[in-house]
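Written out below as structure tokens is the structure these notes cover.
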Amino acid sequence: MFERLLLPVDLTRKNDAALDAVCHLLHEDGTVTLLHVIETIADAPFEDMEDFYKRLEERARSGMSEMAAGLSEKGLQVEQHVVYGRRAAEIVAFAASWEADLILLSSAPLDPENPSAAWASISHQVAILARSPVLLLK
């Protein structure tokens, strides 16, 4: 069982399997942290895009609140965070600073016709770069 479980979410149905798995992996006194990374646009000053980013953040917070409510109903302690930047890098950095015991990620299955495409996915990048253990769920 894990005490500090990090669950990066993209606010799609793809996260359902990971949300279900949390109950089986989290210690009864543990905390699950939902993390959503808003990808920033390279070479565009944040200030120029601030209204756009704020709308994305409001949507993210709303979606994460629904996810958190479902986990809280199961008696789990839940935190929620939204950060800005490059997704894989921000997930890895957050996991390190928060001292996550486990990063739980939803992952797309490999395409047998194009197996190298999986290496470009956020979940596989995190799995390679993170210092914490990573569990990928398909």
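Lettering and numbering for the structure tokens are positional, with chains as A, B, ... in the shown order, residues counted from 1 in each chain, and ligands counted from 1 in the shown order.
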Using only C-alpha atoms, which protein or nucleic acid residues come within 12 Å of region 90-98 of chain A? Drop anything in the same chain fewer than 2 positions from it, and give the result as a ChimeraX atom specification.
/A:3-10,31-40,79,81-88,100-105,122-134
Test item, alpha helix (DSSP H) assignment across region 11-138 of chain A, answer as an mmCIF file with N, CA and C atoms, in the first residue's frame:
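This is the output file result.cif:
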```cif
data_model
loop_
_atom_site.group_PDB
_atom_site.id
_atom_site.type_symbol
_atom_site.label_atom_id
_atom_site.label_comp_id
_atom_site.auth_asym_id
_atom_site.auth_seq_id
_atom_site.Cartn_x
_atom_site.Cartn_y
_atom_site.Cartn_z
ATOM 1 N N ASP A 16 -10.478 6.669 -15.923
ATOM 2 C CA ASP A 16 -11.379 5.873 -15.073
ATOM 3 C C ASP A 16 -10.696 4.667 -14.437
ATOM 4 N N ALA A 17 -9.884 3.951 -15.207
ATOM 5 C CA ALA A 17 -9.211 2.760 -14.668
ATOM 6 C C ALA A 17 -8.263 3.150 -13.537
ATOM 7 N N ALA A 18 -7.554 4.253 -13.709
ATOM 8 C CA ALA A 18 -6.631 4.709 -12.669
ATOM 9 C C ALA A 18 -7.398 5.170 -11.429
ATOM 10 N N LEU A 19 -8.509 5.852 -11.630
ATOM 11 C CA LEU A 19 -9.325 6.294 -10.489
ATOM 12 C C LEU A 19 -9.847 5.088 -9.707
ATOM 13 N N ASP A 20 -10.235 4.036 -10.407
ATOM 14 C CA ASP A 20 -10.701 2.819 -9.737
ATOM 15 C C ASP A 20 -9.566 2.126 -8.986
ATOM 16 N N ALA A 21 -8.384 2.134 -9.562
ATOM 17 C CA ALA A 21 -7.234 1.441 -8.964
ATOM 18 C C ALA A 21 -6.749 2.116 -7.683
ATOM 19 N N VAL A 22 -6.985 3.404 -7.553
ATOM 20 C CA VAL A 22 -6.517 4.146 -6.365
ATOM 21 C C VAL A 22 -6.983 3.472 -5.082
ATOM 22 N N CYS A 23 -8.210 3.044 -5.053
ATOM 23 C CA CYS A 23 -8.783 2.436 -3.842
ATOM 24 C C CYS A 23 -8.010 1.192 -3.408
ATOM 25 N N HIS A 24 -7.438 0.488 -4.350
ATOM 26 C CA HIS A 24 -6.717 -0.747 -4.047
ATOM 27 C C HIS A 24 -5.252 -0.517 -3.714
ATOM 28 N N LEU A 25 -4.748 0.664 -4.047
ATOM 29 C CA LEU A 25 -3.319 0.930 -3.897
ATOM 30 C C LEU A 25 -2.971 1.877 -2.751
ATOM 31 N N PHE A 46 3.146 34.141 -21.365
ATOM 32 C CA PHE A 46 2.011 33.705 -20.559
ATOM 33 C C PHE A 46 0.944 34.793 -20.487
ATOM 34 N N GLU A 47 1.386 36.030 -20.329
ATOM 35 C CA GLU A 47 0.450 37.159 -20.186
ATOM 36 C C GLU A 47 -0.450 37.296 -21.413
ATOM 37 N N ASP A 48 0.087 37.005 -22.595
ATOM 38 C CA ASP A 48 -0.709 37.110 -23.823
ATOM 39 C C ASP A 48 -1.788 36.039 -23.900
ATOM 40 N N MET A 49 -1.568 34.938 -23.209
ATOM 41 C CA MET A 49 -2.487 33.812 -23.260
ATOM 42 C C MET A 49 -3.248 33.634 -21.950
ATOM 43 N N GLU A 50 -3.119 34.567 -21.034
ATOM 44 C CA GLU A 50 -3.640 34.380 -19.681
ATOM 45 C C GLU A 50 -5.134 34.075 -19.633
ATOM 46 N N ASP A 51 -5.955 34.778 -20.402
ATOM 47 C CA ASP A 51 -7.395 34.502 -20.393
ATOM 48 C C ASP A 51 -7.683 33.082 -20.868
ATOM 49 N N PHE A 52 -6.989 32.660 -21.907
ATOM 50 C CA PHE A 52 -7.141 31.307 -22.429
ATOM 51 C C PHE A 52 -6.758 30.279 -21.367
ATOM 52 N N TYR A 53 -5.600 30.478 -20.734
ATOM 53 C CA TYR A 53 -5.137 29.552 -19.702
ATOM 54 C C TYR A 53 -6.088 29.520 -18.507
ATOM 55 N N LYS A 54 -6.621 30.649 -18.142
ATOM 56 C CA LYS A 54 -7.541 30.687 -16.989
ATOM 57 C C LYS A 54 -8.808 29.895 -17.278
ATOM 58 N N ARG A 55 -9.309 29.964 -18.514
ATOM 59 C CA ARG A 55 -10.487 29.162 -18.877
ATOM 60 C C ARG A 55 -10.159 27.678 -18.795
ATOM 61 N N LEU A 56 -8.959 27.309 -19.267
ATOM 62 C CA LEU A 56 -8.547 25.905 -19.165
ATOM 63 C C LEU A 56 -8.419 25.487 -17.702
ATOM 64 N N GLU A 57 -7.898 26.371 -16.873
ATOM 65 C CA GLU A 57 -7.753 26.038 -15.454
ATOM 66 C C GLU A 57 -9.108 25.866 -14.778
ATOM 67 N N GLU A 58 -10.068 26.723 -15.092
ATOM 68 C CA GLU A 58 -11.411 26.585 -14.518
ATOM 69 C C GLU A 58 -12.023 25.238 -14.918
ATOM 70 N N ARG A 59 -11.854 24.870 -16.173
ATOM 71 C CA ARG A 59 -12.376 23.574 -16.653
ATOM 72 C C ARG A 59 -11.678 22.428 -15.931
ATOM 73 N N ALA A 60 -10.372 22.541 -15.771
ATOM 74 C CA ALA A 60 -9.604 21.491 -15.098
ATOM 75 C C ALA A 60 -10.041 21.354 -13.645
ATOM 76 N N ARG A 61 -10.179 22.461 -12.959
ATOM 77 C CA ARG A 61 -10.581 22.407 -11.546
ATOM 78 C C ARG A 61 -11.977 21.812 -11.390
ATOM 79 N N SER A 62 -12.860 22.124 -12.314
ATOM 80 C CA SER A 62 -14.209 21.554 -12.264
ATOM 81 C C SER A 62 -14.167 20.037 -12.468
ATOM 82 N N GLY A 63 -13.446 19.590 -13.476
ATOM 83 C CA GLY A 63 -13.340 18.160 -13.743
ATOM 84 C C GLY A 63 -12.656 17.413 -12.612
ATOM 85 N N MET A 64 -11.609 18.012 -12.060
ATOM 86 C CA MET A 64 -10.903 17.358 -10.955
ATOM 87 C C MET A 64 -11.766 17.320 -9.701
ATOM 88 N N SER A 65 -12.595 18.320 -9.497
ATOM 89 C CA SER A 65 -13.489 18.318 -8.337
ATOM 90 C C SER A 65 -14.461 17.149 -8.399
ATOM 91 N N GLU A 66 -14.944 16.841 -9.604
ATOM 92 C CA GLU A 66 -15.826 15.687 -9.761
ATOM 93 C C GLU A 66 -15.085 14.394 -9.446
ATOM 94 N N MET A 67 -13.858 14.284 -9.949
ATOM 95 C CA MET A 67 -13.056 13.091 -9.663
ATOM 96 C C MET A 67 -12.774 12.979 -8.169
ATOM 97 N N ALA A 68 -12.413 14.090 -7.560
ATOM 98 C CA ALA A 68 -12.094 14.102 -6.125
ATOM 99 C C ALA A 68 -13.313 13.733 -5.292
ATOM 100 N N ALA A 69 -14.487 14.206 -5.700
ATOM 101 C CA ALA A 69 -15.709 13.886 -4.957
ATOM 102 C C ALA A 69 -15.953 12.381 -4.950
ATOM 103 N N GLY A 70 -15.746 11.734 -6.093
ATOM 104 C CA GLY A 70 -15.920 10.291 -6.164
ATOM 105 C C GLY A 70 -14.950 9.546 -5.263
ATOM 106 N N LEU A 71 -13.713 10.015 -5.193
ATOM 107 C CA LEU A 71 -12.720 9.382 -4.326
ATOM 108 C C LEU A 71 -13.008 9.672 -2.856
ATOM 109 N N SER A 72 -13.433 10.881 -2.563
ATOM 110 C CA SER A 72 -13.759 11.248 -1.179
ATOM 111 C C SER A 72 -14.930 10.429 -0.649
ATOM 112 N N GLU A 73 -15.906 10.149 -1.525
ATOM 113 C CA GLU A 73 -17.045 9.320 -1.132
ATOM 114 C C GLU A 73 -16.607 7.929 -0.697
ATOM 115 N N ARG A 87 4.038 18.882 -19.971
ATOM 116 C CA ARG A 87 3.363 17.870 -19.156
ATOM 117 C C ARG A 87 4.300 16.866 -18.493
ATOM 118 N N ALA A 88 5.106 16.179 -19.248
ATOM 119 C CA ALA A 88 5.958 15.145 -18.653
ATOM 120 C C ALA A 88 6.908 15.758 -17.624
ATOM 121 N N ALA A 89 7.538 16.847 -17.970
ATOM 122 C CA ALA A 89 8.493 17.489 -17.058
ATOM 123 C C ALA A 89 7.815 17.950 -15.775
ATOM 124 N N GLU A 90 6.622 18.508 -15.883
ATOM 125 C CA GLU A 90 5.909 19.001 -14.691
ATOM 126 C C GLU A 90 5.452 17.854 -13.802
ATOM 127 N N ILE A 91 5.017 16.760 -14.403
ATOM 128 C CA ILE A 91 4.604 15.594 -13.606
ATOM 129 C C ILE A 91 5.800 15.045 -12.838
ATOM 130 N N VAL A 92 6.920 14.892 -13.511
ATOM 131 C CA VAL A 92 8.124 14.366 -12.867
ATOM 132 C C VAL A 92 8.589 15.299 -11.753
ATOM 133 N N ALA A 93 8.592 16.595 -12.020
ATOM 134 C CA ALA A 93 9.025 17.564 -11.009
ATOM 135 C C ALA A 93 8.077 17.579 -9.810
ATOM 136 N N PHE A 94 6.777 17.527 -10.067
ATOM 137 C CA PHE A 94 5.806 17.530 -8.971
ATOM 138 C C PHE A 94 5.970 16.274 -8.125
ATOM 139 N N ALA A 95 6.120 15.134 -8.776
ATOM 140 C CA ALA A 95 6.285 13.870 -8.047
ATOM 141 C C ALA A 95 7.506 13.926 -7.136
ATOM 142 N N ALA A 96 8.585 14.510 -7.621
ATOM 143 C CA ALA A 96 9.806 14.613 -6.814
ATOM 144 C C ALA A 96 9.610 15.568 -5.643
ATOM 145 N N SER A 97 9.028 16.729 -5.893
ATOM 146 C CA SER A 97 8.864 17.712 -4.815
ATOM 147 C C SER A 97 7.835 17.259 -3.786
ATOM 148 N N TRP A 98 6.832 16.518 -4.221
ATOM 149 C CA TRP A 98 5.774 16.035 -3.325
ATOM 150 C C TRP A 98 6.186 14.716 -2.668
ATOM 151 N N ILE A 122 3.152 10.821 -23.100
ATOM 152 C CA ILE A 122 3.466 11.425 -21.802
ATOM 153 C C ILE A 122 3.714 10.325 -20.768
ATOM 154 N N SER A 123 2.869 9.298 -20.752
ATOM 155 C CA SER A 123 2.999 8.253 -19.732
ATOM 156 C C SER A 123 4.344 7.538 -19.828
ATOM 157 N N HIS A 124 4.797 7.251 -21.037
ATOM 158 C CA HIS A 124 6.075 6.568 -21.185
ATOM 159 C C HIS A 124 7.250 7.489 -20.848
ATOM 160 N N GLN A 125 7.127 8.760 -21.168
ATOM 161 C CA GLN A 125 8.182 9.710 -20.792
ATOM 162 C C GLN A 125 8.304 9.782 -19.273
ATOM 163 N N VAL A 126 7.169 9.868 -18.590
ATOM 164 C CA VAL A 126 7.178 9.930 -17.122
ATOM 165 C C VAL A 126 7.769 8.651 -16.550
ATOM 166 N N ALA A 127 7.382 7.515 -17.109
ATOM 167 C CA ALA A 127 7.885 6.230 -16.610
ATOM 168 C C ALA A 127 9.407 6.161 -16.687
ATOM 169 N N ILE A 128 9.979 6.727 -17.718
ATOM 170 C CA ILE A 128 11.425 6.697 -17.885
ATOM 171 C C ILE A 128 12.116 7.733 -16.996
ATOM 172 N N LEU A 129 11.545 8.922 -16.865
ATOM 173 C CA LEU A 129 12.224 10.030 -16.195
ATOM 174 C C LEU A 129 12.008 10.108 -14.683
#
```
Can you tell me, as a PyMOL selection string, which residues in chain A count as strand (DSSP E or B) by DSSP?
chain A and resi 2-8+26-39+77-85+102-106+134-137
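What separates CA of Glu99 (chain A) from CA of Leu26 (chain A) is a distance of 14.7 Å.
Atom to atom, CA of Ser107 (chain A) and CA of Lys138 (chain A) stand 5.0 Å apart.
For the atom pair formed by CA of Ser121 (chain A) and CA of Leu137 (chain A), the distance is 13.3 Å, given to one decimal.
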Which is closer to Ser106 (chain A) than all the others in A:Ala120, A:Gly75, A:Asn15, A:Met1, using only C-alpha atoms?
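Residue with the minimum atom-to-atom distance to Ser106 (chain A): A:Asn15.
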